[in-house]
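Visitor: Coordinates in input.cif, mmCIF, N, CA and C atoms, are listed below.
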data_coords
#
loop_
_atom_site.label_atom_id
_atom_site.label_comp_id
_atom_site.auth_asym_id
_atom_site.auth_seq_id
_atom_site.Cartn_x
_atom_site.Cartn_y
_atom_site.Cartn_z
N MET R 4 -67.70 91.97 -40.50
CA MET R 4 -66.75 91.91 -41.59
C MET R 4 -65.80 93.10 -41.45
N LEU R 5 -64.52 92.80 -41.44
CA LEU R 5 -63.50 93.84 -41.38
C LEU R 5 -63.21 94.38 -42.77
N ALA R 6 -62.65 95.59 -42.82
CA ALA R 6 -62.31 96.22 -44.10
C ALA R 6 -61.39 95.32 -44.93
N VAL R 7 -60.39 94.73 -44.29
CA VAL R 7 -59.44 93.89 -45.01
C VAL R 7 -60.12 92.63 -45.54
N GLN R 8 -61.11 92.12 -44.81
CA GLN R 8 -61.83 90.94 -45.28
C GLN R 8 -62.62 91.27 -46.55
N CYS R 9 -63.19 92.45 -46.61
CA CYS R 9 -63.92 92.85 -47.80
C CYS R 9 -62.98 92.91 -49.01
N ARG R 10 -61.81 93.51 -48.83
CA ARG R 10 -60.84 93.60 -49.93
C ARG R 10 -60.37 92.21 -50.36
N MET R 11 -60.10 91.34 -49.38
CA MET R 11 -59.65 89.98 -49.71
C MET R 11 -60.75 89.21 -50.43
N ALA R 12 -61.98 89.37 -49.97
CA ALA R 12 -63.11 88.66 -50.59
C ALA R 12 -63.30 89.10 -52.03
N ARG R 13 -63.23 90.40 -52.27
CA ARG R 13 -63.35 90.91 -53.65
C ARG R 13 -62.28 90.30 -54.53
N ALA R 14 -61.05 90.28 -54.03
CA ALA R 14 -59.94 89.72 -54.81
C ALA R 14 -60.18 88.24 -55.11
N ALA R 15 -60.69 87.52 -54.13
CA ALA R 15 -60.91 86.08 -54.30
C ALA R 15 -61.93 85.77 -55.39
N VAL R 16 -62.95 86.61 -55.51
CA VAL R 16 -63.96 86.36 -56.54
C VAL R 16 -63.69 87.16 -57.82
N GLY R 17 -62.62 87.95 -57.81
CA GLY R 17 -62.23 88.69 -59.02
C GLY R 17 -63.09 89.90 -59.31
N TRP R 18 -63.63 90.51 -58.27
CA TRP R 18 -64.47 91.69 -58.43
C TRP R 18 -63.71 92.95 -58.05
N GLY R 19 -63.99 94.02 -58.76
CA GLY R 19 -63.55 95.34 -58.37
C GLY R 19 -64.61 95.97 -57.47
N VAL R 20 -64.35 97.17 -57.03
CA VAL R 20 -65.30 97.88 -56.17
C VAL R 20 -66.62 98.07 -56.90
N ARG R 21 -66.56 98.40 -58.18
CA ARG R 21 -67.79 98.63 -58.95
C ARG R 21 -68.66 97.38 -59.04
N GLU R 22 -68.02 96.24 -59.27
CA GLU R 22 -68.78 94.98 -59.38
C GLU R 22 -69.46 94.62 -58.06
N LEU R 23 -68.73 94.79 -56.96
CA LEU R 23 -69.31 94.49 -55.65
C LEU R 23 -70.46 95.45 -55.36
N ALA R 24 -70.27 96.71 -55.65
CA ALA R 24 -71.33 97.70 -55.41
C ALA R 24 -72.59 97.34 -56.20
N LYS R 25 -72.41 97.02 -57.46
CA LYS R 25 -73.56 96.70 -58.31
C LYS R 25 -74.27 95.44 -57.81
N ALA R 26 -73.50 94.40 -57.49
CA ALA R 26 -74.08 93.14 -57.03
C ALA R 26 -74.80 93.32 -55.69
N SER R 27 -74.32 94.23 -54.86
CA SER R 27 -74.89 94.45 -53.52
C SER R 27 -76.03 95.47 -53.53
N GLY R 28 -76.12 96.24 -54.60
CA GLY R 28 -77.14 97.29 -54.64
C GLY R 28 -76.80 98.50 -53.80
N VAL R 29 -75.49 98.73 -53.62
CA VAL R 29 -75.03 99.91 -52.88
C VAL R 29 -74.15 100.74 -53.80
N SER R 30 -73.79 101.92 -53.36
CA SER R 30 -72.95 102.79 -54.19
C SER R 30 -71.48 102.38 -54.09
N VAL R 31 -70.72 102.78 -55.08
CA VAL R 31 -69.27 102.56 -55.07
C VAL R 31 -68.67 103.26 -53.86
N ASP R 32 -69.16 104.44 -53.55
CA ASP R 32 -68.70 105.18 -52.37
C ASP R 32 -68.88 104.38 -51.09
N THR R 33 -69.98 103.67 -50.99
CA THR R 33 -70.26 102.87 -49.79
C THR R 33 -69.24 101.76 -49.63
N VAL R 34 -68.94 101.05 -50.71
CA VAL R 34 -67.93 99.98 -50.65
C VAL R 34 -66.57 100.58 -50.29
N THR R 35 -66.24 101.69 -50.91
CA THR R 35 -64.95 102.36 -50.64
C THR R 35 -64.85 102.77 -49.17
N ARG R 36 -65.93 103.32 -48.63
CA ARG R 36 -65.93 103.72 -47.21
C ARG R 36 -65.74 102.51 -46.31
N LEU R 37 -66.42 101.40 -46.62
CA LEU R 37 -66.26 100.18 -45.84
C LEU R 37 -64.81 99.72 -45.85
N GLU R 38 -64.21 99.73 -47.03
CA GLU R 38 -62.83 99.25 -47.16
C GLU R 38 -61.80 100.20 -46.56
N ARG R 39 -62.19 101.43 -46.30
CA ARG R 39 -61.31 102.36 -45.59
C ARG R 39 -61.47 102.21 -44.08
N GLY R 40 -62.44 101.40 -43.66
CA GLY R 40 -62.64 101.18 -42.24
C GLY R 40 -63.62 102.14 -41.60
N GLU R 41 -64.36 102.89 -42.42
CA GLU R 41 -65.36 103.80 -41.87
C GLU R 41 -66.56 103.00 -41.38
N THR R 42 -67.28 103.56 -40.44
CA THR R 42 -68.45 102.90 -39.89
C THR R 42 -69.65 103.09 -40.81
N LEU R 43 -70.29 101.98 -41.14
CA LEU R 43 -71.51 102.00 -41.95
C LEU R 43 -72.65 101.43 -41.13
N LEU R 44 -73.86 101.62 -41.60
CA LEU R 44 -75.00 101.00 -40.94
C LEU R 44 -74.82 99.48 -40.97
N PRO R 45 -75.12 98.81 -39.86
CA PRO R 45 -74.95 97.35 -39.82
C PRO R 45 -75.68 96.63 -40.95
N ARG R 46 -76.87 97.10 -41.31
CA ARG R 46 -77.62 96.43 -42.38
C ARG R 46 -76.90 96.56 -43.73
N THR R 47 -76.18 97.64 -43.93
CA THR R 47 -75.43 97.82 -45.17
C THR R 47 -74.27 96.84 -45.23
N VAL R 48 -73.56 96.71 -44.12
CA VAL R 48 -72.44 95.76 -44.05
C VAL R 48 -72.97 94.34 -44.24
N ASP R 49 -74.11 94.04 -43.64
CA ASP R 49 -74.73 92.70 -43.79
C ASP R 49 -75.07 92.43 -45.25
N THR R 50 -75.59 93.42 -45.94
CA THR R 50 -75.95 93.25 -47.35
C THR R 50 -74.72 92.93 -48.18
N ILE R 51 -73.63 93.66 -47.95
CA ILE R 51 -72.40 93.43 -48.70
C ILE R 51 -71.84 92.05 -48.37
N ARG R 52 -71.84 91.72 -47.10
CA ARG R 52 -71.33 90.41 -46.67
C ARG R 52 -72.14 89.28 -47.32
N LYS R 53 -73.46 89.38 -47.30
CA LYS R 53 -74.31 88.34 -47.89
C LYS R 53 -74.05 88.21 -49.39
N THR R 54 -73.82 89.32 -50.06
CA THR R 54 -73.51 89.28 -51.49
C THR R 54 -72.22 88.51 -51.73
N LEU R 55 -71.22 88.76 -50.91
CA LEU R 55 -69.94 88.05 -51.06
C LEU R 55 -70.10 86.57 -50.72
N GLU R 56 -70.89 86.27 -49.71
CA GLU R 56 -71.14 84.87 -49.36
C GLU R 56 -71.85 84.14 -50.50
N GLU R 57 -72.81 84.80 -51.12
CA GLU R 57 -73.52 84.21 -52.26
C GLU R 57 -72.59 83.99 -53.45
N ALA R 58 -71.51 84.78 -53.51
CA ALA R 58 -70.52 84.62 -54.57
C ALA R 58 -69.51 83.53 -54.26
N GLY R 59 -69.63 82.91 -53.06
CA GLY R 59 -68.76 81.79 -52.72
C GLY R 59 -67.73 82.06 -51.65
N ILE R 60 -67.85 83.16 -50.94
CA ILE R 60 -66.88 83.51 -49.90
C ILE R 60 -67.33 82.98 -48.55
N GLU R 61 -66.40 82.45 -47.78
CA GLU R 61 -66.62 82.12 -46.37
C GLU R 61 -65.74 83.06 -45.55
N PHE R 62 -66.33 83.67 -44.56
CA PHE R 62 -65.58 84.56 -43.68
C PHE R 62 -65.05 83.76 -42.50
N ILE R 63 -63.79 83.96 -42.19
CA ILE R 63 -63.12 83.25 -41.11
C ILE R 63 -62.91 84.25 -39.98
N SER R 64 -63.41 83.90 -38.80
CA SER R 64 -63.29 84.82 -37.67
C SER R 64 -61.87 84.78 -37.10
N GLU R 65 -61.59 85.77 -36.29
CA GLU R 65 -60.31 85.85 -35.58
C GLU R 65 -60.18 84.60 -34.70
N ASN R 66 -59.15 83.81 -34.94
CA ASN R 66 -58.97 82.58 -34.16
C ASN R 66 -57.50 82.39 -33.79
N GLY R 67 -56.83 83.48 -33.54
CA GLY R 67 -55.42 83.42 -33.20
C GLY R 67 -54.54 83.67 -34.40
N GLY R 68 -55.05 83.41 -35.59
CA GLY R 68 -54.27 83.63 -36.80
C GLY R 68 -54.73 84.84 -37.57
N GLY R 69 -55.72 85.54 -37.07
CA GLY R 69 -56.24 86.71 -37.74
C GLY R 69 -57.48 86.37 -38.55
N ALA R 70 -58.34 87.36 -38.69
CA ALA R 70 -59.56 87.19 -39.48
C ALA R 70 -59.18 87.07 -40.94
N GLY R 71 -60.00 86.34 -41.70
CA GLY R 71 -59.70 86.18 -43.11
C GLY R 71 -60.91 85.74 -43.89
N VAL R 72 -60.67 85.30 -45.12
CA VAL R 72 -61.71 84.79 -46.00
C VAL R 72 -61.15 83.62 -46.77
N ARG R 73 -62.06 82.81 -47.31
CA ARG R 73 -61.65 81.74 -48.22
C ARG R 73 -62.81 81.46 -49.15
N LEU R 74 -62.50 80.86 -50.28
CA LEU R 74 -63.56 80.43 -51.19
C LEU R 74 -64.19 79.18 -50.62
N ALA R 75 -65.50 79.12 -50.64
CA ALA R 75 -66.21 77.97 -50.14
C ALA R 75 -65.92 76.77 -51.02
N LYS R 76 -65.87 75.63 -50.40
CA LYS R 76 -65.65 74.39 -51.14
C LYS R 76 -67.01 73.89 -51.59
N HIS R 77 -67.22 73.89 -52.88
CA HIS R 77 -68.49 73.43 -53.42
C HIS R 77 -68.38 71.97 -53.82
N PRO R 78 -69.40 71.20 -53.54
CA PRO R 78 -69.35 69.78 -53.93
C PRO R 78 -69.28 69.64 -55.46
N ALA R 79 -68.59 68.61 -55.89
CA ALA R 79 -68.50 68.37 -57.33
C ALA R 79 -69.87 67.98 -57.87
N PRO R 80 -70.22 68.45 -59.07
CA PRO R 80 -71.52 68.10 -59.63
C PRO R 80 -71.59 66.60 -59.91
N ASP R 81 -72.79 66.03 -59.74
CA ASP R 81 -73.00 64.61 -60.02
C ASP R 81 -72.97 64.38 -61.53
N HIS R 82 -72.35 63.28 -61.92
CA HIS R 82 -72.31 62.94 -63.36
C HIS R 82 -73.06 61.69 -63.62
#
Before we go any further, please render this structure as structure tokens.
Guide:
Amino acid sequence: MLAVQCRMARAAVGWGVRELAKASGVSVDTVTRLERGETLLPRTVDTIRKTLEEAGIEFISENGGGAGVRLAKHPAPDH
């Protein structure tokens, strides 16, 4: 997960740094460091990424158009 992807993902789910930190179980400083592009332990980045994925984010890899994120398409509930 790139720093910009983390910022985009937070924006997509409407979370600030504090909300992401709390949901991930990491400090606000940790999220801020990630978004500045600092190197974190891989397991910490994985934890943050999984939290965002659980919130409905899909990460899009670099495919010529640049890495990005999108909200996952959830199936409509059965009625």
Visitor: Could you tell me which residues the PyMOL selection byres ((chain R and resi 33-41) around 6.5) returns for this structure, as a list of chain:residue names?
Guide: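 So the PyMOL selection byres ((chain R and resi 33-41) around 6.5) ends up selecting R:Leu5, R:Ala6, R:Val7, R:Arg10, R:Val20, R:Ala24, R:Val29, R:Ser30, R:Val31, R:Asp32, R:Thr42, R:Leu43.
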Visitor: Pull out every residue that the PyMOL selection byres ((chain R and resi 62) around 5) matches in the shown coordinates and put them as a list in words.
Guide: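 Evaluating the PyMOL selection byres ((chain R and resi 62) around 5) on this file yields Ile60, Glu61, Ile63, Ser64, Gly71 and Val72 of chain R.
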Visitor: Might you pull out every residue within 12 Å of Ala14 of chain R, with only C-alpha atoms counted and same-chain residues fewer than 2 positions away left off, and present them as a VMD selection string?
Guide: chain R and resid 7 to 12 16 to 20 22 to 23 55 58 60 72 to 74
Visitor: Just how far from atom CA of Thr54 of chain R is atom CA of Gly28 of chain R, in Å to one decimal?
Guide: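 Those two atoms sit 9.3 Å apart.
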Visitor: Can you list, as a JSON list (two decimals) with N, CA and C atoms, keeping the file's coordinate frame, every residue of chain R that DSSP puts in strand (DSSP E or B)?
Guide:
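Resulting contents of part_21.json:
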[["chain", "number", "residue", "atom", "x", "y", "z"],
["R", 60, "ILE", "N", -67.85, 83.16, -50.94],
["R", 60, "ILE", "CA", -66.88, 83.51, -49.90],
["R", 60, "ILE", "C", -67.33, 82.98, -48.55],
["R", 61, "GLU", "N", -66.40, 82.45, -47.78],
["R", 61, "GLU", "CA", -66.62, 82.12, -46.37],
["R", 61, "GLU", "C", -65.74, 83.06, -45.55],
["R", 62, "PHE", "N", -66.33, 83.67, -44.56],
["R", 62, "PHE", "CA", -65.58, 84.56, -43.68],
["R", 62, "PHE", "C", -65.05, 83.76, -42.50],
["R", 63, "ILE", "N", -63.79, 83.96, -42.19],
["R", 63, "ILE", "CA", -63.12, 83.25, -41.11],
["R", 63, "ILE", "C", -62.91, 84.25, -39.98],
["R", 71, "GLY", "N", -60.00, 86.34, -41.70],
["R", 71, "GLY", "CA", -59.70, 86.18, -43.11],
["R", 71, "GLY", "C", -60.91, 85.74, -43.89],
["R", 72, "VAL", "N", -60.67, 85.30, -45.12],
["R", 72, "VAL", "CA", -61.71, 84.79, -46.00],
["R", 72, "VAL", "C", -61.15, 83.62, -46.77],
["R", 73, "ARG", "N", -62.06, 82.81, -47.31],
["R", 73, "ARG", "CA", -61.65, 81.74, -48.22],
["R", 73, "ARG", "C", -62.81, 81.46, -49.15],
["R", 74, "LEU", "N", -62.50, 80.86, -50.28],
["R", 74, "LEU", "CA", -63.56, 80.43, -51.19],
["R", 74, "LEU", "C", -64.19, 79.18, -50.62]]
Visitor: State, in Å with one decimal place, the distance from atom CA of Gly69 of chain R to atom CA of Ala15 of chain R.
Guide: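 Computed distance, atom CA of Gly69 of chain R to atom CA of Ala15 of chain R, equals 17.2 Å.
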Visitor: Taking all listed atoms of segment 36-45 of chain R, build the axis-aligned box, pad each of the six sides by 8 Å, then write its centre and edge lengths in Å to one decimal as lines of an AutoDock Vina configuration file.
Guide:
center_x = -68.5
center_y = 100.2
center_z = -44.2
size_x = 30.4
size_y = 23.2
size_z = 24.8
Visitor: Can you tell me how far atom N of Arg46 of chain R sits from atom CA of Gly68 of chain R, in Å to one decimal?
Guide: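 Computing it gives 26.7 Å between the two atoms.
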Visitor: Which residues in chain R does DSSP call alpha helix (DSSP H)? List them as a JSON list (two decimals) with N, CA and C atoms, in the frame of the given file.
Guide:
[["chain", "number", "residue", "atom", "x", "y", "z"],
["R", 6, "ALA", "N", -62.65, 95.59, -42.82],
["R", 6, "ALA", "CA", -62.31, 96.22, -44.10],
["R", 6, "ALA", "C", -61.39, 95.32, -44.93],
["R", 7, "VAL", "N", -60.39, 94.73, -44.29],
["R", 7, "VAL", "CA", -59.44, 93.89, -45.01],
["R", 7, "VAL", "C", -60.12, 92.63, -45.54],
["R", 8, "GLN", "N", -61.11, 92.12, -44.81],
["R", 8, "GLN", "CA", -61.83, 90.94, -45.28],
["R", 8, "GLN", "C", -62.62, 91.27, -46.55],
["R", 9, "CYS", "N", -63.19, 92.45, -46.61],
["R", 9, "CYS", "CA", -63.92, 92.85, -47.80],
["R", 9, "CYS", "C", -62.98, 92.91, -49.01],
["R", 10, "ARG", "N", -61.81, 93.51, -48.83],
["R", 10, "ARG", "CA", -60.84, 93.60, -49.93],
["R", 10, "ARG", "C", -60.37, 92.21, -50.36],
["R", 11, "MET", "N", -60.10, 91.34, -49.38],
["R", 11, "MET", "CA", -59.65, 89.98, -49.71],
["R", 11, "MET", "C", -60.75, 89.21, -50.43],
["R", 12, "ALA", "N", -61.98, 89.37, -49.97],
["R", 12, "ALA", "CA", -63.11, 88.66, -50.59],
["R", 12, "ALA", "C", -63.30, 89.10, -52.03],
["R", 13, "ARG", "N", -63.23, 90.40, -52.27],
["R", 13, "ARG", "CA", -63.35, 90.91, -53.65],
["R", 13, "ARG", "C", -62.28, 90.30, -54.53],
["R", 14, "ALA", "N", -61.05, 90.28, -54.03],
["R", 14, "ALA", "CA", -59.94, 89.72, -54.81],
["R", 14, "ALA", "C", -60.18, 88.24, -55.11],
["R", 15, "ALA", "N", -60.69, 87.52, -54.13],
["R", 15, "ALA", "CA", -60.91, 86.08, -54.30],
["R", 15, "ALA", "C", -61.93, 85.77, -55.39],
["R", 16, "VAL", "N", -62.95, 86.61, -55.51],
["R", 16, "VAL", "CA", -63.96, 86.36, -56.54],
["R", 16, "VAL", "C", -63.69, 87.16, -57.82],
["R", 20, "VAL", "N", -64.35, 97.17, -57.03],
["R", 20, "VAL", "CA", -65.30, 97.88, -56.17],
["R", 20, "VAL", "C", -66.62, 98.07, -56.90],
["R", 21, "ARG", "N", -66.56, 98.40, -58.18],
["R", 21, "ARG", "CA", -67.79, 98.63, -58.95],
["R", 21, "ARG", "C", -68.66, 97.38, -59.04],
["R", 22, "GLU", "N", -68.02, 96.24, -59.27],
["R", 22, "GLU", "CA", -68.78, 94.98, -59.38],
["R", 22, "GLU", "C", -69.46, 94.62, -58.06],
["R", 23, "LEU", "N", -68.73, 94.79, -56.96],
["R", 23, "LEU", "CA", -69.31, 94.49, -55.65],
["R", 23, "LEU", "C", -70.46, 95.45, -55.36],
["R", 24, "ALA", "N", -70.27, 96.71, -55.65],
["R", 24, "ALA", "CA", -71.33, 97.70, -55.41],
["R", 24, "ALA", "C", -72.59, 97.34, -56.20],
["R", 25, "LYS", "N", -72.41, 97.02, -57.46],
["R", 25, "LYS", "CA", -73.56, 96.70, -58.31],
["R", 25, "LYS", "C", -74.27, 95.44, -57.81],
["R", 26, "ALA", "N", -73.50, 94.40, -57.49],
["R", 26, "ALA", "CA", -74.08, 93.14, -57.03],
["R", 26, "ALA", "C", -74.80, 93.32, -55.69],
["R", 27, "SER", "N", -74.32, 94.23, -54.86],
["R", 27, "SER", "CA", -74.89, 94.45, -53.52],
["R", 27, "SER", "C", -76.03, 95.47, -53.53],
["R", 31, "VAL", "N", -70.72, 102.78, -55.08],
["R", 31, "VAL", "CA", -69.27, 102.56, -55.07],
["R", 31, "VAL", "C", -68.67, 103.26, -53.86],
["R", 32, "ASP", "N", -69.16, 104.44, -53.55],
["R", 32, "ASP", "CA", -68.70, 105.18, -52.37],
["R", 32, "ASP", "C", -68.88, 104.38, -51.09],
["R", 33, "THR", "N", -69.98, 103.67, -50.99],
["R", 33, "THR", "CA", -70.26, 102.87, -49.79],
["R", 33, "THR", "C", -69.24, 101.76, -49.63],
["R", 34, "VAL", "N", -68.94, 101.05, -50.71],
["R", 34, "VAL", "CA", -67.93, 99.98, -50.65],
["R", 34, "VAL", "C", -66.57, 100.58, -50.29],
["R", 35, "THR", "N", -66.24, 101.69, -50.91],
["R", 35, "THR", "CA", -64.95, 102.36, -50.64],
["R", 35, "THR", "C", -64.85, 102.77, -49.17],
["R", 36, "ARG", "N", -65.93, 103.32, -48.63],
["R", 36, "ARG", "CA", -65.93, 103.72, -47.21],
["R", 36, "ARG", "C", -65.74, 102.51, -46.31],
["R", 37, "LEU", "N", -66.42, 101.40, -46.62],
["R", 37, "LEU", "CA", -66.26, 100.18, -45.84],
["R", 37, "LEU", "C", -64.81, 99.72, -45.85],
["R", 38, "GLU", "N", -64.21, 99.73, -47.03],
["R", 38, "GLU", "CA", -62.83, 99.25, -47.16],
["R", 38, "GLU", "C", -61.80, 100.20, -46.56],
["R", 45, "PRO", "N", -75.12, 98.81, -39.86],
["R", 45, "PRO", "CA", -74.95, 97.35, -39.82],
["R", 45, "PRO", "C", -75.68, 96.63, -40.95],
["R", 46, "ARG", "N", -76.87, 97.10, -41.31],
["R", 46, "ARG", "CA", -77.62, 96.43, -42.38],
["R", 46, "ARG", "C", -76.90, 96.56, -43.73],
["R", 47, "THR", "N", -76.18, 97.64, -43.93],
["R", 47, "THR", "CA", -75.43, 97.82, -45.17],
["R", 47, "THR", "C", -74.27, 96.84, -45.23],
["R", 48, "VAL", "N", -73.56, 96.71, -44.12],
["R", 48, "VAL", "CA", -72.44, 95.76, -44.05],
["R", 48, "VAL", "C", -72.97, 94.34, -44.24],
["R", 49, "ASP", "N", -74.11, 94.04, -43.64],
["R", 49, "ASP", "CA", -74.73, 92.70, -43.79],
["R", 49, "ASP", "C", -75.07, 92.43, -45.25],
["R", 50, "THR", "N", -75.59, 93.42, -45.94],
["R", 50, "THR", "CA", -75.95, 93.25, -47.35],
["R", 50, "THR", "C", -74.72, 92.93, -48.18],
["R", 51, "ILE", "N", -73.63, 93.66, -47.95],
["R", 51, "ILE", "CA", -72.40, 93.43, -48.70],
["R", 51, "ILE", "C", -71.84, 92.05, -48.37],
["R", 52, "ARG", "N", -71.84, 91.72, -47.10],
["R", 52, "ARG", "CA", -71.33, 90.41, -46.67],
["R", 52, "ARG", "C", -72.14, 89.28, -47.32],
["R", 53, "LYS", "N", -73.46, 89.38, -47.30],
["R", 53, "LYS", "CA", -74.31, 88.34, -47.89],
["R", 53, "LYS", "C", -74.05, 88.21, -49.39],
["R", 54, "THR", "N", -73.82, 89.32, -50.06],
["R", 54, "THR", "CA", -73.51, 89.28, -51.49],
["R", 54, "THR", "C", -72.22, 88.51, -51.73],
["R", 55, "LEU", "N", -71.22, 88.76, -50.91],
["R", 55, "LEU", "CA", -69.94, 88.05, -51.06],
["R", 55, "LEU", "C", -70.10, 86.57, -50.72],
["R", 56, "GLU", "N", -70.89, 86.27, -49.71],
["R", 56, "GLU", "CA", -71.14, 84.87, -49.36],
["R", 56, "GLU", "C", -71.85, 84.14, -50.50],
["R", 57, "GLU", "N", -72.81, 84.80, -51.12],
["R", 57, "GLU", "CA", -73.52, 84.21, -52.26],
["R", 57, "GLU", "C", -72.59, 83.99, -53.45]]
Visitor: Between R:Ile51, R:Leu44, R:Ala26, R:Met4, which residue has the minimum interatomic distance to Glu65 of chain R, considering only C-alpha atoms?
Guide: R:Met4
Visitor: Take segment 26-74 of chain R from the preceding structure and save C-alpha atoms as a JSON list (two decimals), in the first residue's frame.
Guide:
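Just written: out-v9.json:
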[["chain", "number", "residue", "atom", "x", "y", "z"],
["R", 26, "ALA", "CA", -10.00, 1.04, 13.88],
["R", 27, "SER", "CA", -6.54, -0.42, 13.12],
["R", 28, "GLY", "CA", -5.31, -0.45, 16.70],
["R", 29, "VAL", "CA", -2.28, 1.69, 15.87],
["R", 30, "SER", "CA", -1.29, 5.19, 16.94],
["R", 31, "VAL", "CA", -2.20, 8.36, 15.06],
["R", 32, "ASP", "CA", 1.55, 8.90, 14.64],
["R", 33, "THR", "CA", 1.84, 5.56, 12.86],
["R", 34, "VAL", "CA", -0.85, 6.44, 10.31],
["R", 35, "THR", "CA", 0.71, 9.87, 9.81],
["R", 36, "ARG", "CA", 4.14, 8.32, 9.23],
["R", 37, "LEU", "CA", 2.68, 5.88, 6.69],
["R", 38, "GLU", "CA", 0.97, 8.72, 4.82],
["R", 39, "ARG", "CA", 4.22, 10.70, 4.73],
["R", 40, "GLY", "CA", 5.85, 7.74, 3.01],
["R", 41, "GLU", "CA", 8.02, 6.64, 5.91],
["R", 42, "THR", "CA", 8.92, 2.97, 6.18],
["R", 43, "LEU", "CA", 6.91, 0.99, 8.71],
["R", 44, "LEU", "CA", 7.04, -2.64, 9.72],
["R", 45, "PRO", "CA", 5.31, -4.73, 7.03],
["R", 46, "ARG", "CA", 2.91, -6.22, 9.59],
["R", 47, "THR", "CA", 1.81, -2.71, 10.61],
["R", 48, "VAL", "CA", 1.09, -1.75, 7.00],
["R", 49, "ASP", "CA", -0.78, -5.06, 6.56],
["R", 50, "THR", "CA", -2.91, -4.32, 9.61],
["R", 51, "ILE", "CA", -3.87, -0.88, 8.31],
["R", 52, "ARG", "CA", -4.55, -2.24, 4.83],
["R", 53, "LYS", "CA", -6.77, -5.04, 6.19],
["R", 54, "THR", "CA", -8.72, -2.52, 8.26],
["R", 55, "LEU", "CA", -9.39, -0.44, 5.15],
["R", 56, "GLU", "CA", -10.34, -3.53, 3.16],
["R", 57, "GLU", "CA", -12.80, -4.53, 5.89],
["R", 58, "ALA", "CA", -14.27, -1.03, 5.59],
["R", 59, "GLY", "CA", -14.97, -1.69, 1.90],
["R", 60, "ILE", "CA", -11.81, -0.56, 0.10],
["R", 61, "GLU", "CA", -10.25, -2.42, -2.82],
["R", 62, "PHE", "CA", -6.65, -1.58, -3.61],
["R", 63, "ILE", "CA", -5.79, -1.28, -7.30],
["R", 64, "SER", "CA", -2.23, -2.10, -8.26],
["R", 65, "GLU", "CA", -0.11, -0.13, -10.69],
["R", 66, "ASN", "CA", -1.40, -1.14, -14.13],
["R", 67, "GLY", "CA", -0.25, 1.66, -16.37],
["R", 68, "GLY", "CA", -2.72, 4.13, -14.92],
["R", 69, "GLY", "CA", -1.19, 4.37, -11.48],
["R", 70, "ALA", "CA", -2.00, 2.67, -8.21],
["R", 71, "GLY", "CA", -5.30, 3.57, -6.63],
["R", 72, "VAL", "CA", -8.28, 2.53, -4.54],
["R", 73, "ARG", "CA", -12.00, 2.09, -5.01],
["R", 74, "LEU", "CA", -14.97, 1.19, -2.90]]
